[in-house]
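Visitor: Dropping the structure in here first, questions after.
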Amino acid sequence: MQTQAIEDYLKAIYKIGTQKDKISTSAIAHKLGVAQASVTGMIKKLAEMKLLDYSPYRGVQLTTAGRKIALETIRHHRLLELYLHEALGYTWDQVHEEAEHLEHHISEEFEEKMDVLLGRPSYDPHGAPIPTKDGELPDIEHQHLSDLQPGGVATIRRVSDEDPEKLRYLGKLKLFPEAEIEIISREPFNGSTKIKVHGSVHSLSKELCDAIFVELNTSAE
């Protein structure tokens with residue numbers, strides 16, 4: 001039986017797997033904000049349902065069936081974020097929490113109607129790719145803004161959507177996907193980074209730079 005908790009776990013495991021080779025129970029507990037003992041119990045249940053494999057040495061790995069559910073949940077979430085933003089006027093810092101609640105409860109018919117209304121979109125309001133109905137998701141790797149060197153020019157491709165306060169602040173600075181930015185300077189020892197965007201200069205902490213994913217412009221390489 002597929003429940004909200006199962007979908008949350010599978011989605012979290014998939015997302016952790018895009019950043020780490022080994023998915024540990026502690027990483028899952030941290031991602032979901034639950035006790036590690038709860039994670040251990042759920043992992044055993046998901047393994048019995050053939051939705052994941054687990055071994056102490058390899059960590060957790062989604063099966064084909066588990067990956068399908070994870071991507072379907074992510075598709076619901078990102079379509080809902082875009083629908084809330086484009087059709088209902090939610091700001092980009094408000095949509096994540098609403099989508100977290102709604103993603104488990106929409107029908108396939110509602111999903112299809114959203115997709116059609118939005119013009120079969122490829123990205124959500126934060127620049128994250130939307131999985132296709134067939135469960136395909138492009139393997140796109142972008143650099144953190146904090147990884148770029150001064151003098152570089154890049155285009156913002158994605159902004160992490162999990163902290164509304166950060167999104168509100170970055171929105172005030174107009175640091176949205178597709179914005180072009182120039183890295184002017186960076187203070188040593190994980191200090192602030194000075195950037196230029198839309199003609200204005202701003203200083204960003206490393207924490208904020210880590211939440212922004214960019215693509216270095218070809219002409220700037």
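We name chains A, B, ... following the order of the structure tokens; residues begin at 1 in each chain, and ligands are numbered from 1 as shown.
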Where does DSSP see strand (DSSP E or B) in range 24-214 of chain A, if you list the residues as a ChimeraX atom specification?
Guide: /A:52-55,59-62,123,129,143-144,153-159,180-186,193-197,200-204,212-214
Visitor: Can you tell me, as a list in words, what residues are no more than 6 Å from range 156-173 of chain A when counting only C-alpha atoms, ignoring any on the same chain fewer than 4 positions away?
Guide: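 Residues meeting the cut-off are Asp93, His126, Gly127, Ala128, Pro177, Glu178, Ala179, Ala211, Ile212, Phe213 and Val214 of chain A.
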Visitor: With range 188-196 of chain A as the partner and 12 Å as the cut-off, tabulate the residues of range 124-156 of chain A that qualify, each row holding the nearest pair of atoms and their distance in Å to one decimal, using only C-alpha atoms, sorted by chain and rising number, as CSV.
Guide:
```
residue,atom,partner,partner_atom,distance
A:Leu145,CA,A:Thr193,CA,9.0
A:Ser146,CA,A:Thr193,CA,7.7
A:Asp147,CA,A:Thr193,CA,10.5
A:Leu148,CA,A:Thr193,CA,9.8
A:Gln149,CA,A:Thr193,CA,9.7
A:Pro150,CA,A:Thr193,CA,8.6
A:Gly151,CA,A:Ile195,CA,9.7
A:Gly152,CA,A:Ile195,CA,9.9
A:Val153,CA,A:Lys196,CA,9.4
A:Ala154,CA,A:Ile195,CA,10.5
A:Thr155,CA,A:Lys196,CA,11.7
```
Visitor: Could you tell me which of A:Tyr123, A:His77, A:Tyr9, A:Thr25 comes closest to Ala37 in chain A if we count only C-alpha atoms?
Guide: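 Between A:Tyr123, A:His77, A:Tyr9, A:Thr25, the residue approaching Ala37 in chain A most closely is A:Thr25.
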Visitor: Using only C-alpha atoms, find the one residue out of A:Thr132, A:Ser185, A:Ser203, A:Gln94 that sits nearest to Ile74 in chain A.
Guide: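 Closest residue, counting only C-alpha atoms: A:Thr132.
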Visitor: So which residues touch Gln4 in chain A within 12 Å, counting only C-alpha atoms, skipping near sequence neighbours fewer than 5 positions away, as a short mmCIF file (atom, residue, chain, number, x, y, z; two decimals) with N, CA, C and O atoms, in the first residue's frame?
Guide:
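Below you can see result_8.cif, which holds the result:
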```cif
data_model
loop_
_atom_site.label_atom_id
_atom_site.label_comp_id
_atom_site.auth_asym_id
_atom_site.auth_seq_id
_atom_site.Cartn_x
_atom_site.Cartn_y
_atom_site.Cartn_z
N TYR A 9 9.69 9.11 1.94
CA TYR A 9 10.97 8.40 2.08
C TYR A 9 11.62 8.17 0.73
O TYR A 9 12.82 8.42 0.55
N LEU A 10 10.86 7.68 -0.22
CA LEU A 10 11.42 7.38 -1.54
C LEU A 10 11.92 8.65 -2.22
O LEU A 10 12.98 8.65 -2.86
N LYS A 11 11.17 9.74 -2.08
CA LYS A 11 11.59 11.01 -2.67
C LYS A 11 12.88 11.49 -2.02
O LYS A 11 13.81 11.94 -2.71
N ILE A 69 8.18 5.54 -8.20
CA ILE A 69 7.31 6.26 -7.26
C ILE A 69 7.95 7.58 -6.85
O ILE A 69 7.27 8.61 -6.76
N ALA A 70 9.26 7.57 -6.61
CA ALA A 70 9.96 8.79 -6.21
C ALA A 70 9.83 9.86 -7.28
O ALA A 70 9.52 11.03 -6.98
N THR A 73 6.32 11.31 -7.54
CA THR A 73 6.07 12.25 -6.45
C THR A 73 6.75 13.58 -6.72
O THR A 73 6.18 14.66 -6.50
N GLU A 100 4.29 20.42 -0.89
CA GLU A 100 4.61 19.29 -0.01
C GLU A 100 3.33 18.64 0.49
O GLU A 100 3.25 17.41 0.61
N HIS A 101 2.33 19.44 0.80
CA HIS A 101 1.06 18.90 1.31
C HIS A 101 0.22 18.29 0.19
O HIS A 101 -0.40 17.23 0.36
N LEU A 102 0.20 18.93 -0.96
CA LEU A 102 -0.71 18.53 -2.03
C LEU A 102 -0.20 17.38 -2.89
O LEU A 102 -1.00 16.65 -3.50
N GLU A 103 1.11 17.19 -2.96
CA GLU A 103 1.70 16.24 -3.92
C GLU A 103 1.21 14.81 -3.73
O GLU A 103 1.21 14.02 -4.68
N HIS A 104 0.76 14.47 -2.53
CA HIS A 104 0.34 13.10 -2.24
C HIS A 104 -1.14 12.85 -2.56
O HIS A 104 -1.59 11.70 -2.48
N HIS A 105 -1.86 13.89 -2.91
CA HIS A 105 -3.32 13.75 -2.96
C HIS A 105 -3.95 14.05 -4.32
O HIS A 105 -5.16 13.96 -4.46
N ILE A 106 -3.16 14.42 -5.32
CA ILE A 106 -3.76 14.75 -6.61
C ILE A 106 -3.89 13.49 -7.47
O ILE A 106 -3.10 12.56 -7.36
#
```
Visitor: List as a ChimeraX atom specification the protein and nucleic acid residues near Tyr83 in chain A, meaning an atom at most 12 Å away when only C-alpha atoms are counted, but skip any in the same chain fewer than 3 places from it.
Guide: /A:76-80,86-92,95-96,98-99,102-103,110-121,123-125
Visitor: Restricting the calculation to only C-alpha atoms, which member of A:His202, A:His30, A:His85, A:Lys44 is positioned closest to Ala12 in chain A?
Guide: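 Closest residue, counting only C-alpha atoms: A:His30.
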Visitor: Kindly give the distance, in Å, that separates CA of Ile23 in chain A and CA of Glu136 in chain A, rounded to a single decimal.
Guide: 21.3 Å
Visitor: Can you check which residues of range 159-217 of chain A DSSP gives as helix (DSSP H, G or I) on the backbone and send them as a ChimeraX atom specification?
Guide: /A:164-172,206-210
